[in-house]
Every structure is written in C-alpha cells, then in structure tokens.
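Structure file upload-v1.pdb (PDB, C-alpha atoms) is printed below.
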ATOM      1  CA  MET A   1      77.175 129.741  94.266
ATOM      2  CA  SER A   2      75.047 129.224  97.391
ATOM      3  CA  ASP A   3      76.062 130.189 100.910
ATOM      4  CA  ILE A   4      76.501 126.506 101.738
ATOM      5  CA  ASP A   5      78.857 126.062  98.765
ATOM      6  CA  ASP A   6      80.857 129.039  99.975
ATOM      7  CA  LEU A   7      81.173 127.417 103.389
ATOM      8  CA  GLU A   8      82.288 124.151 101.787
ATOM      9  CA  HIS A   9      85.081 125.777  99.847
ATOM     10  CA  ALA A  10      86.150 127.784 102.892
ATOM     11  CA  ASP A  11      86.500 124.498 104.801
ATOM     12  CA  HIS A  12      88.492 122.500 102.261
ATOM     13  CA  PRO A  13      92.238 123.015 101.867
ATOM     14  CA  ASP A  14      93.445 124.992  98.866
ATOM     15  CA  SER A  15      95.748 123.682  96.136
ATOM     16  CA  SER A  16      98.930 124.882  97.862
ATOM     17  CA  GLN A  17      98.065 122.830 100.965
ATOM     18  CA  TYR A  18      97.495 119.756  98.804
ATOM     19  CA  ILE A  19     100.915 120.260  97.217
ATOM     20  CA  VAL A  20     102.562 120.570 100.654
ATOM     21  CA  ILE A  21     100.921 117.289 101.700
ATOM     22  CA  GLY A  22     102.096 115.681  98.446
ATOM     23  CA  ILE A  23     105.667 116.773  99.225
ATOM     24  CA  ILE A  24     105.408 115.400 102.785
ATOM     25  CA  LEU A  25     104.189 112.059 101.394
ATOM     26  CA  ALA A  26     107.114 111.922  98.967
ATOM     27  CA  VAL A  27     109.644 112.761 101.711
ATOM     28  CA  PHE A  28     108.206 110.131 104.070
ATOM     29  CA  THR A  29     108.387 107.532 101.294
ATOM     30  CA  ALA A  30     112.041 108.434 100.703
ATOM     31  CA  ILE A  31     112.732 108.024 104.441
ATOM     32  CA  GLU A  32     111.027 104.603 104.411
ATOM     33  CA  VAL A  33     113.160 103.444 101.489
ATOM     34  CA  ALA A  34     116.302 104.803 103.179
ATOM     35  CA  ILE A  35     115.456 102.861 106.367
ATOM     36  CA  SER A  36     114.991  99.646 104.385
ATOM     37  CA  PHE A  37     118.391 100.089 102.703
ATOM     38  CA  ALA A  38     120.318 101.210 105.797
ATOM     39  CA  ALA A  39     121.537  98.543 108.165
ATOM     40  CA  VAL A  40     118.968  99.505 110.794
ATOM     41  CA  PRO A  41     118.208  96.658 113.233
ATOM     42  CA  GLY A  42     114.734  95.142 112.869
ATOM     43  CA  HIS A  43     113.571  96.263 116.316
ATOM     44  CA  LEU A  44     114.113  99.877 115.239
ATOM     45  CA  ALA A  45     113.333  99.624 111.527
ATOM     46  CA  ILE A  46     109.971  97.858 111.811
ATOM     47  CA  PRO A  47     108.315 100.289 114.275
ATOM     48  CA  SER A  48     109.715 103.270 112.323
ATOM     49  CA  LEU A  49     108.323 101.943 109.046
ATOM     50  CA  ILE A  50     104.926 101.244 110.627
ATOM     51  CA  VAL A  51     104.725 104.748 112.135
ATOM     52  CA  LEU A  52     105.653 106.395 108.815
ATOM     53  CA  THR A  53     103.044 104.297 107.010
ATOM     54  CA  VAL A  54     100.327 105.203 109.516
ATOM     55  CA  VAL A  55     101.157 108.907 109.135
ATOM     56  CA  LYS A  56     101.065 108.693 105.313
ATOM     57  CA  PHE A  57      97.782 106.770 105.475
ATOM     58  CA  ALA A  58      96.263 109.384 107.807
ATOM     59  CA  LEU A  59      97.433 112.313 105.650
ATOM     60  CA  VAL A  60      95.760 110.888 102.538
ATOM     61  CA  VAL A  61      92.546 109.906 104.332
ATOM     62  CA  LEU A  62      92.149 113.120 106.325
ATOM     63  CA  TRP A  63      93.184 115.664 103.698
ATOM     64  CA  PHE A  64      92.982 114.158 100.196
ATOM     65  CA  MET A  65      89.801 112.194 101.015
ATOM     66  CA  HIS A  66      88.470 115.126 103.076
ATOM     67  CA  LEU A  67      87.514 112.903 105.993
ATOM     68  CA  ARG A  68      88.724 115.647 108.346
ATOM     69  CA  PHE A  69      86.190 118.062 106.883
ATOM     70  CA  ASP A  70      83.264 115.781 105.998
ATOM     71  CA  SER A  71      80.402 114.250 107.944
ATOM     72  CA  GLY A  72      81.163 112.030 110.929
ATOM     73  CA  TRP A  73      79.008 109.315 109.344
ATOM     74  CA  PHE A  74      81.560 108.753 106.597
ATOM     75  CA  ARG A  75      84.311 108.563 109.197
ATOM     76  CA  ARG A  76      82.369 105.984 111.225
ATOM     77  CA  LEU A  77      81.699 103.807 108.171
ATOM     78  CA  PHE A  78      85.322 103.782 107.105
ATOM     79  CA  VAL A  79      86.748 103.317 110.588
ATOM     80  CA  PHE A  80      84.348 100.404 111.188
ATOM     81  CA  GLY A  81      85.753  98.533 108.165
ATOM     82  CA  LEU A  82      89.291  99.499 109.079
ATOM     83  CA  VAL A  83      88.975  98.266 112.674
ATOM     84  CA  ILE A  84      87.664  94.880 111.535
ATOM     85  CA  ALA A  85      90.477  94.630 108.973
ATOM     86  CA  LEU A  86      93.046  95.448 111.674
ATOM     87  CA  ALA A  87      91.453  92.828 113.936
ATOM     88  CA  VAL A  88      91.935  90.228 111.167
ATOM     89  CA  TYR A  89      95.522  91.388 110.784
ATOM     90  CA  ALA A  90      96.173  91.231 114.551
ATOM     91  CA  ALA A  91      94.604  87.773 114.814
ATOM     92  CA  THR A  92      96.813  86.536 111.973
ATOM     93  CA  ILE A  93      99.974  87.900 113.554
ATOM     94  CA  SER A  94      98.982  86.322 116.882
ATOM     95  CA  LEU A  95      98.464  82.956 115.204
ATOM     96  CA  MET A  96     101.836  83.225 113.494
ATOM     97  CA  LEU A  97     103.604  84.044 116.745
ATOM     98  CA  TYR A  98     101.793  81.758 119.180
ATOM     99  CA  ALA A  99     100.788  78.800 117.011
ATOM    100  CA  GLY A 100     104.373  78.183 115.974
ATOM    101  CA  GLY A 101     103.707  79.130 112.379
ATOM    102  CA  ASN A 102     101.775  75.926 111.752
ATOM    103  CA  GLY A 103      99.423  77.512 109.293
ATOM    104  CA  PRO A 104      98.222  76.025 106.019
ATOM    105  CA  THR A 105     100.848  75.058 103.462
TER     106      THR A 105
ATOM    107  CA  MET B   1      78.632 122.562 109.715
ATOM    108  CA  ALA B   2      80.363 119.418 108.503
ATOM    109  CA  GLU B   3      76.954 117.845 107.955
ATOM    110  CA  LEU B   4      75.924 120.806 105.804
ATOM    111  CA  THR B   5      79.039 120.774 103.650
ATOM    112  CA  THR B   6      78.550 117.129 102.814
ATOM    113  CA  ALA B   7      74.918 117.549 101.902
ATOM    114  CA  SER B   8      75.764 120.368  99.537
ATOM    115  CA  ALA B   9      78.372 118.574  97.496
ATOM    116  CA  SER B  10      76.318 118.739  94.327
ATOM    117  CA  THR B  11      73.019 120.012  93.136
ATOM    118  CA  GLU B  12      72.431 116.646  91.463
ATOM    119  CA  SER B  13      73.115 114.453  94.491
ATOM    120  CA  HIS B  14      70.221 112.765  96.254
ATOM    121  CA  ALA B  15      70.202 113.217 100.008
ATOM    122  CA  THR B  16      69.524 110.442 102.491
ATOM    123  CA  SER B  17      67.413 110.991 105.622
ATOM    124  CA  LEU B  18      70.714 111.850 107.317
ATOM    125  CA  GLY B  19      71.134 114.772 104.945
ATOM    126  CA  LEU B  20      74.041 113.016 103.229
ATOM    127  CA  SER B  21      74.512 112.229  99.567
ATOM    128  CA  ASN B  22      73.429 108.654  98.759
ATOM    129  CA  GLU B  23      76.256 108.208  96.257
ATOM    130  CA  LYS B  24      78.938 109.391  98.650
ATOM    131  CA  LEU B  25      77.560 107.292 101.496
ATOM    132  CA  GLY B  26      77.575 104.294  99.140
ATOM    133  CA  MET B  27      81.190 104.954  98.167
ATOM    134  CA  TRP B  28      82.346 105.171 101.806
ATOM    135  CA  THR B  29      80.475 101.941 102.589
ATOM    136  CA  LEU B  30      82.209 100.249  99.656
ATOM    137  CA  LEU B  31      85.599 101.504 100.834
ATOM    138  CA  GLY B  32      84.940 100.294 104.388
ATOM    139  CA  SER B  33      84.166  96.823 103.048
ATOM    140  CA  GLU B  34      87.219  96.905 100.784
ATOM    141  CA  CYS B  35      89.370  97.335 103.909
ATOM    142  CA  LEU B  36      88.272  93.821 104.867
ATOM    143  CA  PHE B  37      89.219  92.409 101.458
ATOM    144  CA  PHE B  38      92.709  93.851 101.548
ATOM    145  CA  GLY B  39      93.154  93.154 105.265
ATOM    146  CA  ALA B  40      92.458  89.476 104.573
ATOM    147  CA  LEU B  41      94.840  89.338 101.603
ATOM    148  CA  ILE B  42      97.678  91.079 103.460
ATOM    149  CA  SER B  43      97.130  88.694 106.380
ATOM    150  CA  ALA B  44      97.277  85.733 103.985
ATOM    151  CA  TYR B  45     100.607  87.006 102.628
ATOM    152  CA  LEU B  46     102.015  87.247 106.151
ATOM    153  CA  VAL B  47     100.798  83.744 107.005
ATOM    154  CA  TYR B  48     102.539  82.356 103.938
ATOM    155  CA  TYR B  49     105.686  84.450 104.367
ATOM    156  CA  GLY B  50     108.626  82.063 104.485
ATOM    157  CA  ARG B  51     106.708  79.131 102.959
ATOM    158  CA  TYR B  52     108.807  78.688  99.871
ATOM    159  CA  ASN B  53     107.747  75.120  99.071
ATOM    160  CA  GLY B  54     111.361  73.927  98.707
ATOM    161  CA  VAL B  55     112.239  76.803  96.356
ATOM    162  CA  PRO B  56     114.110  79.199  98.682
ATOM    163  CA  GLU B  57     115.424  81.312  95.796
ATOM    164  CA  VAL B  58     111.823  82.466  95.205
ATOM    165  CA  SER B  59     111.684  84.776  98.192
ATOM    166  CA  PRO B  60     111.488  88.500  99.016
ATOM    167  CA  ALA B  61     115.140  88.696  97.910
ATOM    168  CA  LEU B  62     113.745  88.980  94.371
ATOM    169  CA  TYR B  63     112.037  92.285  95.106
ATOM    170  CA  ASP B  64     113.519  95.261  93.318
ATOM    171  CA  ILE B  65     112.988  97.944  95.987
ATOM    172  CA  PRO B  66     114.337 100.942  93.972
ATOM    173  CA  PHE B  67     112.021 100.089  91.069
ATOM    174  CA  THR B  68     108.974  99.605  93.308
ATOM    175  CA  SER B  69     109.820 102.819  95.174
ATOM    176  CA  VAL B  70     109.559 104.768  91.923
ATOM    177  CA  SER B  71     106.187 103.099  91.165
ATOM    178  CA  THR B  72     105.020 103.978  94.671
ATOM    179  CA  PHE B  73     106.109 107.589  94.209
ATOM    180  CA  VAL B  74     104.167 107.771  90.918
ATOM    181  CA  LEU B  75     101.003 106.403  92.574
ATOM    182  CA  LEU B  76     101.332 108.831  95.491
ATOM    183  CA  MET B  77     101.662 111.746  93.092
ATOM    184  CA  SER B  78      98.602 110.509  91.188
ATOM    185  CA  SER B  79      96.632 111.046  94.393
ATOM    186  CA  LEU B  80      97.868 114.637  94.411
ATOM    187  CA  GLY B  81      96.790 114.951  90.753
ATOM    188  CA  MET B  82      93.342 113.620  91.646
ATOM    189  CA  VAL B  83      92.775 116.104  94.436
ATOM    190  CA  LEU B  84      93.967 118.972  92.217
ATOM    191  CA  ALA B  85      91.544 117.809  89.501
ATOM    192  CA  LEU B  86      88.685 117.867  92.023
ATOM    193  CA  SER B  87      89.744 121.277  93.258
ATOM    194  CA  ALA B  88      89.807 122.556  89.651
ATOM    195  CA  ILE B  89      86.320 121.345  88.724
ATOM    196  CA  GLN B  90      84.855 122.651  91.980
ATOM    197  CA  ARG B  91      86.256 126.086  91.017
ATOM    198  CA  GLY B  92      84.702 125.760  87.574
ATOM    199  CA  ASP B  93      88.116 125.407  85.892
ATOM    200  CA  ASP B  94      87.216 122.732  83.308
ATOM    201  CA  ARG B  95      90.523 122.982  81.436
ATOM    202  CA  GLY B  96      92.532 122.534  84.646
ATOM    203  CA  PHE B  97      90.308 119.590  85.571
ATOM    204  CA  ARG B  98      90.934 117.850  82.234
ATOM    205  CA  ILE B  99      94.704 118.342  82.523
ATOM    206  CA  TRP B 100      94.894 116.969  86.069
ATOM    207  CA  ILE B 101      92.482 114.072  85.522
ATOM    208  CA  LEU B 102      94.420 112.973  82.434
ATOM    209  CA  ALA B 103      97.724 113.321  84.313
ATOM    210  CA  THR B 104      96.282 111.177  87.124
ATOM    211  CA  ALA B 105      95.129 108.497  84.664
ATOM    212  CA  MET B 106      98.565 108.512  83.019
ATOM    213  CA  MET B 107     100.323 108.080  86.360
ATOM    214  CA  GLY B 108      97.995 105.175  87.121
ATOM    215  CA  THR B 109      98.914 103.641  83.779
ATOM    216  CA  VAL B 110     102.632 104.072  84.511
ATOM    217  CA  PHE B 111     102.117 102.281  87.837
ATOM    218  CA  LEU B 112     100.297  99.413  86.101
ATOM    219  CA  SER B 113     103.029  99.157  83.462
ATOM    220  CA  GLY B 114     105.577  98.899  86.260
ATOM    221  CA  GLN B 115     103.568  96.124  87.877
ATOM    222  CA  ILE B 116     103.361  94.156  84.625
ATOM    223  CA  TYR B 117     107.121  94.585  84.133
ATOM    224  CA  GLU B 118     107.763  93.451  87.724
ATOM    225  CA  PHE B 119     105.587  90.343  87.271
ATOM    226  CA  THR B 120     107.389  89.512  84.008
ATOM    227  CA  VAL B 121     110.782  89.712  85.713
ATOM    228  CA  PHE B 122     109.581  87.540  88.612
ATOM    229  CA  VAL B 123     108.154  84.876  86.277
ATOM    230  CA  ASN B 124     111.446  84.804  84.365
ATOM    231  CA  GLU B 125     113.225  84.299  87.693
ATOM    232  CA  GLY B 126     111.009  81.268  88.389
ATOM    233  CA  MET B 127     108.441  82.924  90.669
ATOM    234  CA  LYS B 128     105.137  81.742  89.238
ATOM    235  CA  LEU B 129     101.632  81.735  90.682
ATOM    236  CA  ASP B 130     101.895  78.060  91.698
ATOM    237  CA  THR B 131     105.564  78.016  92.735
ATOM    238  CA  SER B 132     104.854  78.292  96.444
ATOM    239  CA  PRO B 133     102.267  79.586  98.918
ATOM    240  CA  PHE B 134     104.465  82.674  99.313
ATOM    241  CA  ALA B 135     104.405  83.374  95.542
ATOM    242  CA  SER B 136     100.645  82.717  95.281
ATOM    243  CA  SER B 137      99.776  85.080  98.117
ATOM    244  CA  PHE B 138     102.067  87.763  96.663
ATOM    245  CA  TYR B 139     100.493  87.571  93.195
ATOM    246  CA  VAL B 140      96.899  87.416  94.487
ATOM    247  CA  LEU B 141      97.392  90.458  96.716
ATOM    248  CA  THR B 142      99.283  92.658  94.252
ATOM    249  CA  SER B 143      97.158  91.724  91.231
ATOM    250  CA  PHE B 144      93.949  92.312  93.189
ATOM    251  CA  HIS B 145      95.280  95.798  93.860
ATOM    252  CA  GLY B 146      96.311  96.106  90.200
ATOM    253  CA  VAL B 147      92.742  95.295  89.108
ATOM    254  CA  HIS B 148      91.517  98.104  91.350
ATOM    255  CA  VAL B 149      94.002 100.511  89.747
ATOM    256  CA  THR B 150      92.848  99.401  86.282
ATOM    257  CA  VAL B 151      89.199 100.045  87.166
ATOM    258  CA  GLY B 152      90.244 103.413  88.580
ATOM    259  CA  VAL B 153      92.097 104.398  85.398
ATOM    260  CA  LEU B 154      89.041 103.468  83.299
ATOM    261  CA  MET B 155      86.821 105.628  85.511
ATOM    262  CA  LEU B 156      89.268 108.557  85.278
ATOM    263  CA  VAL B 157      89.360 108.332  81.487
ATOM    264  CA  THR B 158      85.543 108.243  81.467
ATOM    265  CA  LEU B 159      85.471 111.423  83.555
ATOM    266  CA  TRP B 160      87.861 113.084  81.119
ATOM    267  CA  ALA B 161      85.697 112.033  78.148
ATOM    268  CA  ARG B 162      82.531 113.305  79.865
ATOM    269  CA  SER B 163      84.206 116.627  80.531
ATOM    270  CA  MET B 164      85.374 116.886  76.912
ATOM    271  CA  THR B 165      81.803 116.390  75.710
ATOM    272  CA  GLY B 166      80.413 118.937  78.179
ATOM    273  CA  ARG B 167      78.545 116.375  80.285
ATOM    274  CA  LEU B 168      80.652 116.988  83.389
ATOM    275  CA  THR B 169      80.812 120.455  84.904
ATOM    276  CA  GLN B 170      81.004 122.201  88.259
ATOM    277  CA  THR B 171      77.287 121.563  88.888
ATOM    278  CA  ASN B 172      77.563 117.765  88.766
ATOM    279  CA  SER B 173      81.091 117.446  90.151
ATOM    280  CA  GLU B 174      80.142 115.093  92.988
ATOM    281  CA  VAL B 175      80.900 112.135  90.736
ATOM    282  CA  VAL B 176      84.503 113.390  90.568
ATOM    283  CA  GLU B 177      84.656 113.496  94.355
ATOM    284  CA  ASN B 178      83.330 109.929  94.635
ATOM    285  CA  ILE B 179      85.695 108.494  92.026
ATOM    286  CA  GLY B 180      88.449 110.501  93.708
ATOM    287  CA  LEU B 181      87.650 108.728  96.991
ATOM    288  CA  TYR B 182      88.069 105.390  95.221
ATOM    289  CA  TRP B 183      91.359 106.503  93.690
ATOM    290  CA  HIS B 184      92.758 107.714  97.022
ATOM    291  CA  PHE B 185      91.704 104.424  98.606
ATOM    292  CA  VAL B 186      93.702 102.521  95.992
ATOM    293  CA  ASP B 187      96.625 104.765  96.945
ATOM    294  CA  ILE B 188      96.346 104.171 100.704
ATOM    295  CA  VAL B 189      96.105 100.433 100.156
ATOM    296  CA  TRP B 190      99.360 100.593  98.223
ATOM    297  CA  ILE B 191     100.944 102.666 101.021
ATOM    298  CA  VAL B 192     100.273  99.715 103.345
ATOM    299  CA  ILE B 193     101.247  97.031 100.794
ATOM    300  CA  PHE B 194     104.515  98.791  99.962
ATOM    301  CA  THR B 195     105.574  98.818 103.609
ATOM    302  CA  ALA B 196     104.142  95.435 104.657
ATOM    303  CA  ILE B 197     105.282  93.487 101.601
ATOM    304  CA  TYR B 198     108.362  95.208 100.240
ATOM    305  CA  LEU B 199     110.030  97.131 103.068
ATOM    306  CA  ILE B 200     109.495  95.394 106.416
ATOM    307  CA  PRO B 201     112.087  92.677 107.086
ATOM    308  CA  TRP B 202     109.616  90.256 108.709
ATOM    309  CA  GLU B 203     112.331  87.661 109.355
ATOM    310  CA  GLN B 204     113.773  90.150 111.887
ATOM    311  CA  ALA B 205     110.439  90.599 113.684
ATOM    312  CA  THR B 206     110.567  89.546 117.324
ATOM    313  CA  LEU B 207     108.419  90.237 120.343
TER     314      LEU B 207
END
For this file, write the structure as structure tokens.
Amino acid sequence: MSDIDDLEHADHPDSSQYIVIGIILAVFTAIEVAISFAAVPGHLAIPSLIVLTVVKFALVVLWFMHLRFDSGWFRRLFVFGLVIALAVYAATISLMLYAGGNGPT
Amino acid sequence: MAELTTASASTESHATSLGLSNEKLGMWTLLGSECLFFGALISAYLVYYGRYNGVPEVSPALYDIPFTSVSTFVLLMSSLGMVLALSAIQRGDDRGFRIWILATAMMGTVFLSGQIYEFTVFVNEGMKLDTSPFASSFYVLTSFHGVHVTVGVLMLVTLWARSMTGRLTQTNSEVVENIGLYWHFVDIVWIVIFTAIYLIPWEQATL
C-alpha cells in the first residue's frame, strides 16, 4: 500500500464509526415517526421533522458518502445541484402560499 | 491532503487535470443533476397536494406510516451495509465485501417489495395513476425513486458477481465507491421523500 493510500485510510472513519452513525440514523427515524403519531401541533411538528431530516441527510452525505473527507470539487458539484433543487422547492412553496393555490389541475 | 486522498482512490482510475478521478467526478456530477430531478418531482407533489379531483377518500389518509417506516429503516440500514462493504474491500477483505454487498442488495430488494405491496394496496383502495393529480404526482415520484433503487440493486448484484469471479479486488475498488455514492444518494432522496410525503402534515402548515 502506498503512503497516499495509508493517508486515505487514516482519514476515513472506521467500521465502528459507521455503525454509530447507522444507529443515530435509526434513532432519528424513530423520533420522526413518533412525532408524526403524537398529537404535536403542526407549528412544532413540521420544523422538528425538517430539522431531523436535514441532520439525517447531512450524516449520510458527510460520512457515508465521504464528502467530509473528499475533495472540495465534489462538494461544490453536489451543493450546486442541491441549491438549485432547493430553489425550485422554495419557488413552488411560495407559489402555493401566495398564488392562492391556483396551480394546474 | 483531501485532494490527494481523492486522486489515490484506485490504481485503475484516470485522473483529470484537477487530480481527481474522472469516474468519481462523473458520478458526483450525475448526483448533482439528480437533485434537480427529485426536487422538481417533490415540488410537483406539493403543488398537487390536496387536489383530489372529487375523490377525497384518495388522500394521504391512505398512507400506512408504520409499514413505510419499516421500509425506510431497511433502506437506511442498506446504506450502512454499503459503507461496510466498501470498507471491507478497501481493507482487502473480499469475503466481508461479498457478505455486505449481498446484504445491501437484499435490503434494497426488501424495500422494493414493500413498495410494490404498498402500490397494490393503494390501487385496491381506488388510488390509481389517473385518479387525481395528487395520486399521479405520488406515483410518479415514488416510482421514479423505485426505478433508481432497482438500478442500484442490479449494480450491487453485478459487483457481487464480479467479486465472485475474481474481477473485483482491492486494487480496482473505486467502482465500489462510485456505485456506493449512487446507493447512498438513493437513500438520502428517500430520507427527504419519507418526511415530505409521508410524515409532514402539510394541511397544518401555516406561515
């Protein structure tokens, strides 16, 4: 194994860290489901669910997809697509809220 | 150092002028563009939310949250299986790789089976593709994701077969990393779909 390979493996998490992240993902999913079943008012439930989803998303992207450890170019490419997708999402929500829901039927 | 680690992913990878692997750069570009696809489809679902075309019984009330939660859990754990498979092949543990990659493919298959079962139940309840804009947007979004999972399972099985025949080893493991990226992407898309489609009570959303 080359010196560069050694550095790569020193950078990446080991299997036990992956398992810990897997457990965190499972626990967060259980909390999400519990929130949806509990009689939590929408103004509390919706932000909580969104935050939990963002955290789960970030855990998978940063650790399982190694974006935290890889080149910044990969991060820029992915974030570029993600930002445009979120802009589409935000524009849609704005239309729904401010155009009185008069979208296509 | 991050630049170096990426460039060294495999002895077989071809570096770009940036010192990055062409294949990996291509995969990240694909995933960035896929964000747009799914962003558009999720937006379409939200636009059509509540448009039941005079069939109010075909609504999110049909969703079986406990069942979908189990499917979601299985898909999340498949991501863990994928990363453990990658870790195994990078260590040169071919047997461990084959076990984890097969486990990942099986979990993907369980997820797909759950989706087919869910669709069957919905159709029997009267929720068909052309029932309403709400039903159409739901089926287009979730089946588009299902097609991605199917492609992913086929790629995982191919990796397993290549490993069994000795054509996939530690030296050319970058292909595992790239297919792993695709698989994790399918997982993160479902993380968003599960919350946006199944869990969030949009009718309670107010500014």
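Each of A:Ser15, A:Ser48, A:Ala34, A:Tyr98 was compared to chain B using all atoms listed in the file, and A:Ser15 turns out to be the nearest.
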Inset, instruction - Could you please determine the separation between CA of Ala88 in chain B and CA of Gln170 in chain B in Å, to one decimal place? - result: 8.9 Å
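Applied to the shown file, the PyMOL selection byres ((chain B and resi 156) around 10) selects the residues Met82, Arg98, Ile101, Leu102, Ala103, Thr104, Ala105, Met106, Gly108, Thr150, Val151, Gly152, Val153, Leu154, Met155, Val157, Thr158, Leu159, Trp160, Ala161, Arg162, Val176, Ile179, Gly180 and Trp183 of chain B.
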Expected file: the selected residues, C-alpha atoms, as a compact mmCIF listing (two decimals), keeping the file's coordinate frame:
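Saved to out_5.txt:
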# COMPACT_ATOMS: atom_id res chain seq x y z
CA MET B 82 93.34 113.62 91.65
CA ARG B 98 90.93 117.85 82.23
CA ILE B 101 92.48 114.07 85.52
CA LEU B 102 94.42 112.97 82.43
CA ALA B 103 97.72 113.32 84.31
CA THR B 104 96.28 111.18 87.12
CA ALA B 105 95.13 108.50 84.66
CA MET B 106 98.56 108.51 83.02
CA GLY B 108 98.00 105.18 87.12
CA THR B 150 92.85 99.40 86.28
CA VAL B 151 89.20 100.04 87.17
CA GLY B 152 90.24 103.41 88.58
CA VAL B 153 92.10 104.40 85.40
CA LEU B 154 89.04 103.47 83.30
CA MET B 155 86.82 105.63 85.51
CA VAL B 157 89.36 108.33 81.49
CA THR B 158 85.54 108.24 81.47
CA LEU B 159 85.47 111.42 83.56
CA TRP B 160 87.86 113.08 81.12
CA ALA B 161 85.70 112.03 78.15
CA ARG B 162 82.53 113.30 79.86
CA VAL B 176 84.50 113.39 90.57
CA ILE B 179 85.70 108.49 92.03
CA GLY B 180 88.45 110.50 93.71
CA TRP B 183 91.36 106.50 93.69
Legend entry - Within-12 Å shell of (90.1, 92.6, 112.3) in input frame, all atoms listed in the file, as a PyMOL selection string: (chain A and resi 79-94) or (chain B and resi 33+35-40+42-43)
Those selected residues, please, written with C-alpha atoms and delivered as a CSV table (one decimal), in the coordinates of the input.
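The resulting again_36.csv:
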chain,number,residue,atom,x,y,z
A,79,VAL,CA,86.7,103.3,110.6
A,80,PHE,CA,84.3,100.4,111.2
A,81,GLY,CA,85.8,98.5,108.2
A,82,LEU,CA,89.3,99.5,109.1
A,83,VAL,CA,89.0,98.3,112.7
A,84,ILE,CA,87.7,94.9,111.5
A,85,ALA,CA,90.5,94.6,109.0
A,86,LEU,CA,93.0,95.4,111.7
A,87,ALA,CA,91.5,92.8,113.9
A,88,VAL,CA,91.9,90.2,111.2
A,89,TYR,CA,95.5,91.4,110.8
A,90,ALA,CA,96.2,91.2,114.6
A,91,ALA,CA,94.6,87.8,114.8
A,92,THR,CA,96.8,86.5,112.0
A,93,ILE,CA,100.0,87.9,113.6
A,94,SER,CA,99.0,86.3,116.9
B,33,SER,CA,84.2,96.8,103.0
B,35,CYS,CA,89.4,97.3,103.9
B,36,LEU,CA,88.3,93.8,104.9
B,37,PHE,CA,89.2,92.4,101.5
B,38,PHE,CA,92.7,93.9,101.5
B,39,GLY,CA,93.2,93.2,105.3
B,40,ALA,CA,92.5,89.5,104.6
B,42,ILE,CA,97.7,91.1,103.5
B,43,SER,CA,97.1,88.7,106.4
Inset, instruction - Kindly give the distance, in Å, that separates CA of Leu52 in chain A and CA of Thr29 in chain A, rounded to a single decimal. - result: 8.1 Å
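CA of Phe134 in chain B lies 5.6 Å from CA of Arg51 in chain B.
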Would you list the residues near (113.4, 103.9, 107.0), meaning any protein, DNA or RNA residue with an atom at most 7 Å from that point in file coordinates, counting all atoms listed in the file, as a compact mmCIF listing (two decimals) with C-alpha atoms, in the coordinates of the input?
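Okay, this is what ended up in result.txt:
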# COMPACT_ATOMS: atom_id res chain seq x y z
CA ILE A 31 112.73 108.02 104.44
CA GLU A 32 111.03 104.60 104.41
CA VAL A 33 113.16 103.44 101.49
CA ALA A 34 116.30 104.80 103.18
CA ILE A 35 115.46 102.86 106.37
CA SER A 36 114.99 99.65 104.38
CA ALA A 45 113.33 99.62 111.53
CA SER A 48 109.72 103.27 112.32
CA LEU A 49 108.32 101.94 109.05
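Minimum distance to chain B across A:Ala39, A:Val27, A:Leu67, A:Ile46 (counting all atoms listed in the file) occurs at A:Ile46.
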Legend entry - Residues within 12 Å of His43 in chain A, all atoms listed in the file, excluding chain neighbours under 3 positions, as a ChimeraX atom specification: /A:39-40,46-50 /B:200-207
Inset, instruction - Mind checking which residues fall within 12 Å of Ile19 in chain A, counting only C-alpha atoms, ignoring those fewer than 6 positions away in the same chain, and posting them as a ChimeraX atom specification? - result: /A:13,25-26,60,63-64 /B:76-84,87
Mind dumping the selected residues with C-alpha atoms as a PDB file, keeping the file's coordinate frame?
ATOM      1  CA  PRO A  13      92.238 123.015 101.867  1.00  0.00           C
ATOM      2  CA  LEU A  25     104.189 112.059 101.394  1.00  0.00           C
ATOM      3  CA  ALA A  26     107.114 111.922  98.967  1.00  0.00           C
ATOM      4  CA  VAL A  60      95.760 110.888 102.538  1.00  0.00           C
ATOM      5  CA  TRP A  63      93.184 115.664 103.698  1.00  0.00           C
ATOM      6  CA  PHE A  64      92.982 114.158 100.196  1.00  0.00           C
TER       7      PHE A  64
ATOM      8  CA  LEU B  76     101.332 108.831  95.491  1.00  0.00           C
ATOM      9  CA  MET B  77     101.662 111.746  93.092  1.00  0.00           C
ATOM     10  CA  SER B  78      98.602 110.509  91.188  1.00  0.00           C
ATOM     11  CA  SER B  79      96.632 111.046  94.393  1.00  0.00           C
ATOM     12  CA  LEU B  80      97.868 114.637  94.411  1.00  0.00           C
ATOM     13  CA  GLY B  81      96.790 114.951  90.753  1.00  0.00           C
ATOM     14  CA  MET B  82      93.342 113.620  91.646  1.00  0.00           C
ATOM     15  CA  VAL B  83      92.775 116.104  94.436  1.00  0.00           C
ATOM     16  CA  LEU B  84      93.967 118.972  92.217  1.00  0.00           C
ATOM     17  CA  SER B  87      89.744 121.277  93.258  1.00  0.00           C
TER      18      SER B  87
END
Inset, instruction - Show which residues sit within 9 Å of Tyr139 in chain B, as an NGL selection string. Count all atoms listed in the file, and ignore same-chain residues fewer than 3 positions away. - result: :B and (119 or 128-129 or 134-136 or 142-144)
Inset, instruction - Determine the nearest neighbour of Met65 in chain A from the options B:Leu30, B:Val58, B:Ile116, B:Leu86, counting only C-alpha atoms. - result: B:Leu86
Inset, instruction - Carefully work through the PyMOL selection byres ((chain B and resi 92) around 12) for this structure and note down the residues it includes, as number ranges by chain. - result: A: 1; B: 85-91, 93-98, 163, 168-173
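Using only C-alpha atoms, the nearest neighbour of Val189 in chain B within the list A:Leu44, A:Leu62, A:Val54, A:Ile21 is A:Val54.
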Centre and edges of the range 37-55 of chain A box, axis-aligned, 4 Å extra per side, as AutoDock Vina command-line options:
--center_x 110.9 --center_y 102.0 --center_z 109.5 --size_x 29.2 --size_y 21.8 --size_z 21.6
Inset, instruction - Considering only C-alpha atoms, state which residue in the set A:His12, A:Gly42, A:Trp73, A:His66 is at the smallest distance from chain B. - result: A:Gly42
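Proximity of A:Leu77, A:Val51, A:Ile24, A:Leu59 to chain B, computed with all atoms listed in the file, is greatest for A:Leu77.
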What would range 90-95 of chain B look like with N, CA and C atoms restored, written as an mmCIF file, in the coordinates of the input?
data_model
loop_
_atom_site.group_PDB
_atom_site.id
_atom_site.type_symbol
_atom_site.label_atom_id
_atom_site.label_comp_id
_atom_site.auth_asym_id
_atom_site.auth_seq_id
_atom_site.Cartn_x
_atom_site.Cartn_y
_atom_site.Cartn_z
ATOM 1 N N GLN B 90 85.712 121.968 90.995
ATOM 2 C CA GLN B 90 84.855 122.651 91.980
ATOM 3 C C GLN B 90 84.958 124.174 91.857
ATOM 4 N N ARG B 91 86.096 124.641 91.278
ATOM 5 C CA ARG B 91 86.256 126.086 91.017
ATOM 6 C C ARG B 91 85.644 126.485 89.682
ATOM 7 N N GLY B 92 85.240 125.478 88.900
ATOM 8 C CA GLY B 92 84.702 125.760 87.574
ATOM 9 C C GLY B 92 85.775 125.830 86.507
ATOM 10 N N ASP B 93 86.995 125.385 86.843
ATOM 11 C CA ASP B 93 88.116 125.407 85.892
ATOM 12 C C ASP B 93 88.134 124.070 85.125
ATOM 13 N N ASP B 94 87.342 123.998 84.048
ATOM 14 C CA ASP B 94 87.216 122.732 83.308
ATOM 15 C C ASP B 94 88.529 122.319 82.633
ATOM 16 N N ARG B 95 89.267 123.301 82.118
ATOM 17 C CA ARG B 95 90.523 122.982 81.436
ATOM 18 C C ARG B 95 91.541 122.385 82.438
#
